[in-house]
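run-v4.txt, holding compact mmCIF, C-alpha atoms:
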# COMPACT_ATOMS: atom_id res chain seq x y z
CA MET A 1 -21.54 29.79 -39.59
CA TYR A 2 -21.98 33.00 -41.66
CA GLY A 3 -19.17 34.56 -39.58
CA TYR A 4 -21.11 34.71 -36.30
CA SER A 5 -20.01 32.98 -33.10
CA ASP A 6 -20.64 33.56 -29.41
CA VAL A 7 -19.62 30.84 -26.96
CA MET A 8 -21.71 32.17 -24.04
CA LEU A 9 -24.79 32.53 -26.23
CA PHE A 10 -24.26 28.96 -27.40
CA ILE A 11 -23.99 27.70 -23.80
CA TRP A 12 -27.18 29.47 -22.71
CA ALA A 13 -29.03 28.19 -25.78
CA LEU A 14 -27.83 24.68 -24.95
CA LEU A 15 -29.01 25.04 -21.34
CA ALA A 16 -32.42 26.23 -22.54
CA THR A 17 -32.69 23.20 -24.83
CA LEU A 18 -31.72 20.86 -21.99
CA GLY A 19 -34.29 22.52 -19.75
CA LEU A 20 -37.04 21.95 -22.31
CA GLN A 21 -35.96 18.33 -22.70
CA ILE A 22 -36.09 17.81 -18.93
CA ILE A 23 -39.57 19.35 -18.77
CA SER A 24 -40.67 17.06 -21.59
CA ASN A 25 -39.28 13.94 -19.89
CA LEU A 26 -40.87 14.77 -16.53
CA ALA A 27 -44.19 15.70 -18.14
CA ASN A 28 -44.25 12.50 -20.19
CA ASP A 29 -43.57 10.49 -17.04
CA TYR A 30 -46.40 12.28 -15.23
CA GLY A 31 -48.90 12.33 -18.11
CA ASP A 32 -48.52 8.68 -19.11
CA GLY A 33 -48.41 7.68 -15.44
CA VAL A 34 -51.64 9.29 -14.33
CA LYS A 35 -53.42 8.09 -17.48
CA GLY A 36 -52.34 4.49 -16.82
CA THR A 37 -50.45 4.26 -20.12
CA ASP A 38 -47.29 3.29 -18.23
CA ASN A 39 -48.17 -0.16 -16.92
CA ASN A 40 -46.70 -3.64 -16.66
CA GLU A 41 -47.06 -4.14 -20.42
CA ARG A 42 -44.75 -1.23 -21.24
CA ILE A 43 -41.44 -2.49 -22.66
CA GLY A 44 -39.09 0.44 -21.98
CA PRO A 45 -37.32 1.34 -18.73
CA GLU A 46 -39.60 1.93 -15.76
CA ARG A 47 -40.44 5.56 -15.19
CA ALA A 48 -40.46 7.31 -11.82
CA LEU A 49 -44.23 7.37 -11.33
CA GLN A 50 -44.71 3.90 -12.76
CA SER A 51 -42.09 2.39 -10.43
CA GLY A 52 -43.27 4.32 -7.36
CA ALA A 53 -39.94 6.16 -7.02
CA LEU A 54 -41.90 9.43 -7.08
CA SER A 55 -45.52 10.21 -6.31
CA ALA A 56 -47.69 12.14 -8.77
CA LYS A 57 -47.49 15.20 -6.51
CA GLU A 58 -43.68 15.01 -6.27
CA LEU A 59 -43.38 14.64 -10.03
CA LYS A 60 -45.74 17.56 -10.58
CA ASN A 61 -43.64 19.71 -8.24
CA GLY A 62 -40.56 18.68 -10.21
CA ILE A 63 -42.21 19.86 -13.42
CA VAL A 64 -43.00 23.23 -11.84
CA ILE A 65 -39.39 23.67 -10.67
CA ALA A 66 -38.03 22.65 -14.10
CA VAL A 67 -40.38 25.11 -15.80
CA LEU A 68 -39.33 27.99 -13.53
CA LEU A 69 -35.61 27.32 -14.04
CA THR A 70 -36.02 26.92 -17.80
CA VAL A 71 -38.04 30.13 -18.07
CA LEU A 72 -35.26 31.98 -16.21
CA ILE A 73 -32.65 30.52 -18.55
CA ILE A 74 -34.69 31.43 -21.62
CA GLY A 75 -35.23 34.93 -20.26
CA PHE A 76 -31.50 35.47 -19.73
CA LEU A 77 -30.68 33.96 -23.14
CA LEU A 78 -33.08 36.32 -24.89
CA TRP A 79 -31.85 39.31 -22.90
CA LYS A 80 -28.29 38.52 -23.96
CA ALA A 81 -29.29 38.07 -27.60
CA PHE A 82 -31.79 40.94 -27.92
CA GLU A 83 -30.82 43.45 -25.22
CA ASN A 84 -31.52 46.43 -27.46
CA GLU A 85 -34.21 44.87 -29.67
CA PRO A 86 -37.47 44.65 -27.67
CA LEU A 87 -39.64 43.42 -30.55
CA TYR A 88 -37.38 40.43 -31.14
CA TYR A 89 -37.31 39.85 -27.38
CA LEU A 90 -41.10 39.78 -27.15
CA PHE A 91 -41.50 37.51 -30.18
CA PHE A 92 -38.94 34.99 -28.93
CA THR A 93 -40.45 35.15 -25.44
CA PHE A 94 -43.69 34.01 -27.04
CA LEU A 95 -41.85 31.18 -28.80
CA GLY A 96 -40.19 30.21 -25.51
CA VAL A 97 -43.54 30.05 -23.71
CA LEU A 98 -44.96 28.04 -26.62
CA SER A 99 -42.01 25.62 -26.36
CA VAL A 100 -42.65 25.08 -22.65
CA TRP A 101 -46.34 24.50 -23.37
CA ALA A 102 -45.49 21.98 -26.11
CA ALA A 103 -43.06 20.12 -23.83
CA ILE A 104 -45.79 19.66 -21.23
CA ARG A 105 -48.87 19.06 -23.36
CA TYR A 106 -47.47 16.07 -25.28
CA THR A 107 -48.98 13.72 -22.68
CA VAL A 108 -50.44 15.97 -19.95
CA GLY A 109 -54.11 16.91 -19.92
CA ASP A 110 -57.27 15.64 -21.60
CA ALA A 111 -56.28 17.26 -24.91
CA ALA A 112 -52.69 15.92 -24.93
CA TYR A 113 -51.59 16.05 -28.57
CA GLY A 114 -49.35 12.98 -28.23
CA TYR A 115 -52.49 10.89 -27.76
CA LYS A 116 -53.87 12.16 -31.08
CA GLY A 117 -50.93 11.26 -33.31
CA LEU A 118 -49.62 14.83 -33.50
CA GLY A 119 -46.38 14.34 -31.58
CA ASP A 120 -44.28 13.92 -34.72
CA ILE A 121 -45.34 17.30 -36.11
CA PHE A 122 -44.55 19.08 -32.85
CA VAL A 123 -41.16 17.39 -32.45
CA PHE A 124 -40.18 18.23 -36.02
CA CYS A 125 -41.22 21.86 -35.60
CA PHE A 126 -39.81 22.52 -32.12
CA PHE A 127 -36.72 20.28 -32.03
CA GLY A 128 -35.91 20.79 -35.70
CA LEU A 129 -37.09 24.02 -37.29
CA LEU A 130 -37.36 26.21 -34.19
CA SER A 131 -34.24 24.91 -32.44
CA VAL A 132 -31.98 25.33 -35.50
CA LEU A 133 -33.47 28.40 -37.17
CA GLY A 134 -34.29 30.08 -33.85
CA THR A 135 -30.75 29.58 -32.57
CA MET A 136 -29.35 30.86 -35.85
CA PHE A 137 -31.44 34.02 -35.50
CA LEU A 138 -30.16 34.54 -31.94
CA PHE A 139 -26.65 34.77 -33.36
CA THR A 140 -27.20 36.48 -36.71
CA LYS A 141 -30.56 38.34 -36.54
CA PHE A 142 -31.41 36.84 -39.95
CA ILE A 143 -32.36 33.48 -41.48
CA LYS A 144 -31.23 32.21 -44.88
CA PRO A 145 -33.33 29.70 -46.85
CA ASP A 146 -30.51 27.15 -47.08
CA ALA A 147 -30.49 26.95 -43.25
CA LEU A 148 -33.68 24.91 -43.65
CA LEU A 149 -31.53 21.96 -44.72
CA PRO A 150 -29.74 21.38 -41.38
CA ALA A 151 -33.02 22.26 -39.63
CA PHE A 152 -34.75 19.51 -41.62
CA SER A 153 -31.93 17.10 -40.82
CA VAL A 154 -32.12 17.68 -37.05
CA GLY A 155 -35.92 17.65 -37.20
CA PHE A 156 -36.05 14.36 -39.09
CA LEU A 157 -33.61 12.71 -36.68
CA SER A 158 -35.45 14.01 -33.61
CA THR A 159 -38.74 12.77 -35.03
CA ALA A 160 -37.11 9.41 -35.76
CA VAL A 161 -36.24 9.09 -32.05
CA LEU A 162 -39.90 9.66 -31.17
CA ASN A 163 -41.08 7.26 -33.87
CA LEU A 164 -38.69 4.58 -32.64
CA ASN A 165 -39.95 5.08 -29.09
CA ASN A 166 -43.53 4.75 -30.34
CA MET A 167 -42.73 1.62 -32.37
CA ARG A 168 -41.30 0.07 -29.21
CA ASP A 169 -44.47 0.95 -27.27
CA TYR A 170 -46.80 0.12 -30.15
CA LEU A 171 -48.74 -2.69 -28.45
CA SER A 172 -49.09 -1.11 -25.00
CA ASP A 173 -49.99 2.30 -26.47
CA ALA A 174 -52.71 0.76 -28.64
CA LYS A 175 -54.24 -1.01 -25.63
CA ALA A 176 -54.07 2.15 -23.49
CA GLY A 177 -55.72 4.33 -26.14
CA LYS A 178 -52.60 6.38 -26.86
CA ASN A 179 -53.11 6.89 -30.59
CA THR A 180 -49.60 7.77 -31.69
CA LEU A 181 -48.84 7.96 -35.39
CA VAL A 182 -47.41 4.44 -35.16
CA VAL A 183 -50.70 3.14 -33.72
CA LYS A 184 -52.58 4.87 -36.54
CA LEU A 185 -50.25 3.63 -39.29
CA GLY A 186 -49.51 0.15 -38.01
CA LEU A 187 -45.99 -1.23 -37.55
CA PRO A 188 -45.10 -2.03 -41.20
CA LYS A 189 -45.98 1.48 -42.43
CA ALA A 190 -44.34 3.05 -39.36
CA LYS A 191 -41.10 1.29 -40.31
CA ARG A 192 -41.27 2.72 -43.83
CA TYR A 193 -41.94 6.13 -42.33
CA HIS A 194 -38.84 5.61 -40.16
CA TYR A 195 -36.72 4.96 -43.27
CA PHE A 196 -38.05 8.19 -44.81
CA LEU A 197 -37.10 10.21 -41.70
CA LEU A 198 -33.54 8.91 -41.49
CA LEU A 199 -32.85 9.07 -45.22
CA GLY A 200 -34.40 12.55 -45.32
CA ALA A 201 -32.01 13.63 -42.54
CA PHE A 202 -29.02 12.23 -44.42
CA PHE A 203 -29.85 13.81 -47.79
CA SER A 204 -30.74 17.18 -46.24
CA MET A 205 -27.39 17.41 -44.46
CA THR A 206 -25.46 16.05 -47.45
CA PHE A 207 -26.99 18.66 -49.76
CA PHE A 208 -26.17 21.45 -47.31
CA LEU A 209 -22.55 20.28 -47.10
CA TYR A 210 -22.39 20.09 -50.90
CA LEU A 211 -23.43 23.74 -51.02
CA HIS A 212 -21.27 25.09 -48.19
CA ALA A 213 -18.44 22.79 -47.07
CA THR A 214 -15.02 24.15 -47.92
CA HIS A 215 -12.85 22.08 -45.54
CA TRP A 216 -12.77 18.34 -44.90
CA GLN A 217 -13.41 18.91 -41.17
CA GLN A 218 -16.87 20.20 -42.03
CA LEU A 219 -17.72 16.76 -43.41
CA LEU A 220 -17.13 15.01 -40.09
CA CYS A 221 -20.80 15.34 -39.12
CA ILE A 222 -21.66 12.85 -41.87
CA LEU A 223 -19.82 10.15 -39.89
CA ALA A 224 -22.72 10.25 -37.42
CA PHE A 225 -24.85 8.59 -40.10
CA ILE A 226 -22.75 5.41 -40.10
CA PRO A 227 -24.52 4.04 -37.00
CA VAL A 228 -27.79 5.40 -38.43
CA PHE A 229 -27.48 3.18 -41.52
CA ILE A 230 -26.51 0.21 -39.35
CA HIS A 231 -29.62 0.99 -37.33
CA LEU A 232 -31.74 1.05 -40.51
CA ALA A 233 -30.64 -2.50 -41.31
CA LYS A 234 -31.60 -3.53 -37.78
CA VAL A 235 -35.07 -1.96 -38.11
CA LEU A 236 -35.58 -3.79 -41.40
CA ARG A 237 -34.98 -7.15 -39.65
CA THR A 238 -36.93 -6.35 -36.48
CA LYS A 239 -40.26 -8.14 -36.02
CA GLN A 240 -41.05 -7.60 -32.32
CA PRO A 241 -41.61 -4.09 -30.89
CA GLY A 242 -39.45 -4.80 -27.83
CA GLU A 243 -36.40 -5.20 -30.06
CA PHE A 244 -36.49 -1.49 -30.87
CA ASP A 245 -35.56 -0.47 -27.32
CA PRO A 246 -31.72 -0.83 -27.63
CA GLU A 247 -31.83 1.21 -30.83
CA LEU A 248 -33.10 4.39 -29.16
CA LYS A 249 -29.71 5.37 -27.72
CA LYS A 250 -28.03 4.82 -31.09
CA VAL A 251 -30.29 7.27 -32.92
CA ALA A 252 -30.30 9.82 -30.08
CA LEU A 253 -26.48 9.78 -29.78
CA SER A 254 -26.07 9.94 -33.57
CA THR A 255 -28.28 13.04 -33.60
CA PHE A 256 -26.19 14.65 -30.86
CA PHE A 257 -22.85 13.92 -32.52
CA MET A 258 -24.08 15.07 -35.93
CA ALA A 259 -25.12 18.43 -34.45
CA PHE A 260 -21.94 18.66 -32.35
CA PHE A 261 -19.54 18.07 -35.25
CA PHE A 262 -21.60 20.30 -37.52
CA TYR A 263 -21.20 23.13 -35.01
CA LEU A 264 -17.46 22.53 -34.64
CA GLY A 265 -16.95 22.17 -38.38
CA PHE A 266 -18.46 25.54 -39.21
CA ASN A 267 -17.17 27.47 -36.18
CA TYR A 268 -13.82 26.16 -34.91
CA PHE A 269 -12.16 24.12 -37.65
CA LEU A 270 -11.78 27.01 -40.07
What's the structure tokens form of this structure?
Amino acid sequence: MYGYSDVMLFIWALLATLGLQIISNLANDYGDGVKGTDNNERIGPERALQSGALSAKELKNGIVIAVLLTVLIIGFLLWKAFENEPLYYLFFTFLGVLSVWAAIRYTVGDAAYGYKGLGDIFVFCFFGLLSVLGTMFLFTKFIKPDALLPAFSVGFLSTAVLNLNNMRDYLSDAKAGKNTLVVKLGLPKAKRYHYFLLLGAFFSMTFFLYLHATHWQQLLCILAFIPVFIHLAKVLRTKQPGEFDPELKKVALSTFFMAFFFYLGFNYFL
């Protein structure tokens, strides 16, 4: 996009994102486990601490290792992007540290923000705005206002994955005192919020393509919304929280393929 492309930079940015996701998954396992939120009433797949596959100490050590590896990856990524621009390097180092903190503090600690209904805001900001706009800046050293549209789209979809997860765990979270946004809103309003997120993602991406697409290949990313709309119909019919569980993979994979084909469409199909 905008005439900038660097395969190695893309790979390192992808590795950094995967590292942050791994930290988040391990930290959520640990945080919910030690708080007792993951119990026999939880509907989703058993986690490592909940099942006894790993002890709290082993899981904590895993988080430390994941953090160290991710910090090294982020450091190399920023060095490659900003080798001769120390101010940018320092600023993005701060953002990287903040991202690691956010990945851990969703469920870990007494002030875990996921237990206060703030998870959606953090996911939208870090997995949407920062991931898209930050990566764009790594390549281009500038940000254009219209880049907010794909950032909104990715952010809305990522938040929808979290909301779907929280709708599935609605009953057990409420009993455990994990006050997610779904617990605060109640299931009917959380479903309407879910529609807003997915439709917002679709219209944001569609408007961006209307402004910038010049080849049919760039429209392929819209195909990822076909399973999203099928999923919306399923959510509309769903009455029991446990029925949301099979839908998680559909939304997560749709998000991945939308981003993947968007990247290909504006970098390799021209």
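Taking all atoms listed in the file, the non-local environment of A:Phe124 within 8 Å (same-chain residues fewer than 5 positions away omitted) comprises A:Leu129, A:Phe152, A:Gly155, A:Phe156, A:Ser158, A:Thr159.
Separating atom CA of A:Phe10 from atom CA of A:Leu95 is a distance of 17.8 Å.
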Which polymer residues, protein or nucleic acid, are no farther than 10 Å from (-36.2, 22.2, -15.7), counting only C-alpha atoms, as a PDB file with C-alpha atoms, in the coordinates of the input?
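To be explicit, this is the file written out as result_19.pdb:
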ATOM      1  CA  LEU A  15     -29.010  25.040 -21.340  1.00  0.00           C
ATOM      2  CA  ALA A  16     -32.420  26.230 -22.540  1.00  0.00           C
ATOM      3  CA  THR A  17     -32.690  23.200 -24.830  1.00  0.00           C
ATOM      4  CA  LEU A  18     -31.720  20.860 -21.990  1.00  0.00           C
ATOM      5  CA  GLY A  19     -34.290  22.520 -19.750  1.00  0.00           C
ATOM      6  CA  LEU A  20     -37.040  21.950 -22.310  1.00  0.00           C
ATOM      7  CA  GLN A  21     -35.960  18.330 -22.700  1.00  0.00           C
ATOM      8  CA  ILE A  22     -36.090  17.810 -18.930  1.00  0.00           C
ATOM      9  CA  ILE A  23     -39.570  19.350 -18.770  1.00  0.00           C
ATOM     10  CA  SER A  24     -40.670  17.060 -21.590  1.00  0.00           C
ATOM     11  CA  ASN A  25     -39.280  13.940 -19.890  1.00  0.00           C
ATOM     12  CA  LEU A  26     -40.870  14.770 -16.530  1.00  0.00           C
ATOM     13  CA  GLY A  62     -40.560  18.680 -10.210  1.00  0.00           C
ATOM     14  CA  ILE A  63     -42.210  19.860 -13.420  1.00  0.00           C
ATOM     15  CA  VAL A  64     -43.000  23.230 -11.840  1.00  0.00           C
ATOM     16  CA  ILE A  65     -39.390  23.670 -10.670  1.00  0.00           C
ATOM     17  CA  ALA A  66     -38.030  22.650 -14.100  1.00  0.00           C
ATOM     18  CA  VAL A  67     -40.380  25.110 -15.800  1.00  0.00           C
ATOM     19  CA  LEU A  68     -39.330  27.990 -13.530  1.00  0.00           C
ATOM     20  CA  LEU A  69     -35.610  27.320 -14.040  1.00  0.00           C
ATOM     21  CA  THR A  70     -36.020  26.920 -17.800  1.00  0.00           C
ATOM     22  CA  VAL A  71     -38.040  30.130 -18.070  1.00  0.00           C
ATOM     23  CA  LEU A  72     -35.260  31.980 -16.210  1.00  0.00           C
ATOM     24  CA  ILE A  73     -32.650  30.520 -18.550  1.00  0.00           C
ATOM     25  CA  VAL A 100     -42.650  25.080 -22.650  1.00  0.00           C
TER      26      VAL A 100
END
Exercise for the section: Find the residue from A:Val154, A:Ala13, A:Ile104, A:Ala201 that sits nearest to A:Asn28; use all atoms listed in the file when measuring. Expected result: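 Closest to A:Asn28 of all the choices is A:Ile104.
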Fill in the blank from the handout: Using only C-alpha atoms, the shortest atom-to-atom distance to A:Leu77 among A:Trp12, A:Phe196, A:Trp101, A:Phe208 belongs to A:Trp12
Exercise for the section: Record the distance separating atom CA of A:Leu54 and atom CA of A:Phe256, expressed in Å with one decimal. Expected result: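 Rounded to one decimal, the two atoms are 29.0 Å apart.
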Exercise for the section: Check the smallest atom-to-atom distance from each of A:Val97, A:Leu9, A:Ile74, A:Leu198 to A:Leu164 using only C-alpha atoms, then report the winner. Expected result: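 Comparing A:Val97, A:Leu9, A:Ile74, A:Leu198 against A:Leu164, the winner is A:Leu198.
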Practice task
Quick one: pull the distance between atom CA of A:Pro227 and atom CA of A:Leu197, Å, one decimal.
Solution key: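 That distance, rounded to one decimal, is 14.8 Å.
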Problem - Which residue of A:Gly242, A:Cys125, A:Asp120, A:Ser153 approaches A:Asp169 most closely, using only C-alpha atoms - result: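 For A:Asp169, the nearest of the candidates is A:Gly242.
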Practice task
Tell me which protein, DNA and RNA residues are within 9 Å of A:Lys250, counting only C-alpha atoms, leaving out same-chain ones fewer than 4 positions away, and put them as a VMD selection string.
Solution key: chain A and resid 227 to 228 231 246 254 to 255
Please produce a file of the residues just selected, as a CSV table (one decimal), in the frame of the given file, where the atoms kept are C-alpha atoms.
chain,number,residue,atom,x,y,z
A,227,PRO,CA,-24.5,4.0,-37.0
A,228,VAL,CA,-27.8,5.4,-38.4
A,231,HIS,CA,-29.6,1.0,-37.3
A,246,PRO,CA,-31.7,-0.8,-27.6
A,254,SER,CA,-26.1,9.9,-33.6
A,255,THR,CA,-28.3,13.0,-33.6
Practice task
With a distance cut-off of 12 Å and all atoms listed in the file, select the neighbouring residues of A:Asp110, excluding the residue or stretch itself and same-chain residues fewer than 6 positions from it, and output the selection as a ChimeraX atom specification.
Solution key: /A:31-32,34-35,116,178
Generate N, CA and C atoms for stretch 132-143 of chain A and emit them as a PDB file, keeping the file's coordinate frame.
ATOM      1  N   VAL A 132     -33.092  24.971 -34.600  1.00  0.00           N
ATOM      2  CA  VAL A 132     -31.980  25.330 -35.500  1.00  0.00           C
ATOM      3  C   VAL A 132     -32.129  26.758 -36.018  1.00  0.00           C
ATOM      4  N   LEU A 133     -33.282  27.063 -36.591  1.00  0.00           N
ATOM      5  CA  LEU A 133     -33.470  28.400 -37.170  1.00  0.00           C
ATOM      6  C   LEU A 133     -33.554  29.463 -36.079  1.00  0.00           C
ATOM      7  N   GLY A 134     -34.197  29.120 -34.955  1.00  0.00           N
ATOM      8  CA  GLY A 134     -34.290  30.080 -33.850  1.00  0.00           C
ATOM      9  C   GLY A 134     -32.924  30.398 -33.277  1.00  0.00           C
ATOM     10  N   THR A 135     -32.098  29.355 -33.090  1.00  0.00           N
ATOM     11  CA  THR A 135     -30.750  29.580 -32.570  1.00  0.00           C
ATOM     12  C   THR A 135     -29.910  30.382 -33.547  1.00  0.00           C
ATOM     13  N   MET A 136     -30.067  30.085 -34.831  1.00  0.00           N
ATOM     14  CA  MET A 136     -29.350  30.860 -35.850  1.00  0.00           C
ATOM     15  C   MET A 136     -29.709  32.339 -35.760  1.00  0.00           C
ATOM     16  N   PHE A 137     -30.999  32.621 -35.568  1.00  0.00           N
ATOM     17  CA  PHE A 137     -31.440  34.020 -35.500  1.00  0.00           C
ATOM     18  C   PHE A 137     -30.895  34.703 -34.246  1.00  0.00           C
ATOM     19  N   LEU A 138     -30.754  33.958 -33.142  1.00  0.00           N
ATOM     20  CA  LEU A 138     -30.160  34.540 -31.940  1.00  0.00           C
ATOM     21  C   LEU A 138     -28.769  35.092 -32.224  1.00  0.00           C
ATOM     22  N   PHE A 139     -28.019  34.369 -33.053  1.00  0.00           N
ATOM     23  CA  PHE A 139     -26.650  34.770 -33.360  1.00  0.00           C
ATOM     24  C   PHE A 139     -26.603  35.864 -34.437  1.00  0.00           C
ATOM     25  N   THR A 140     -27.389  35.684 -35.502  1.00  0.00           N
ATOM     26  CA  THR A 140     -27.200  36.480 -36.710  1.00  0.00           C
ATOM     27  C   THR A 140     -28.225  37.588 -36.922  1.00  0.00           C
ATOM     28  N   LYS A 141     -29.414  37.436 -36.321  1.00  0.00           N
ATOM     29  CA  LYS A 141     -30.560  38.340 -36.540  1.00  0.00           C
ATOM     30  C   LYS A 141     -31.103  38.229 -37.963  1.00  0.00           C
ATOM     31  N   PHE A 142     -30.800  37.114 -38.647  1.00  0.00           N
ATOM     32  CA  PHE A 142     -31.410  36.840 -39.950  1.00  0.00           C
ATOM     33  C   PHE A 142     -31.462  35.326 -40.142  1.00  0.00           C
ATOM     34  N   ILE A 143     -32.258  34.896 -41.127  1.00  0.00           N
ATOM     35  CA  ILE A 143     -32.360  33.480 -41.480  1.00  0.00           C
ATOM     36  C   ILE A 143     -32.234  33.359 -42.988  1.00  0.00           C
TER      37      ILE A 143
END
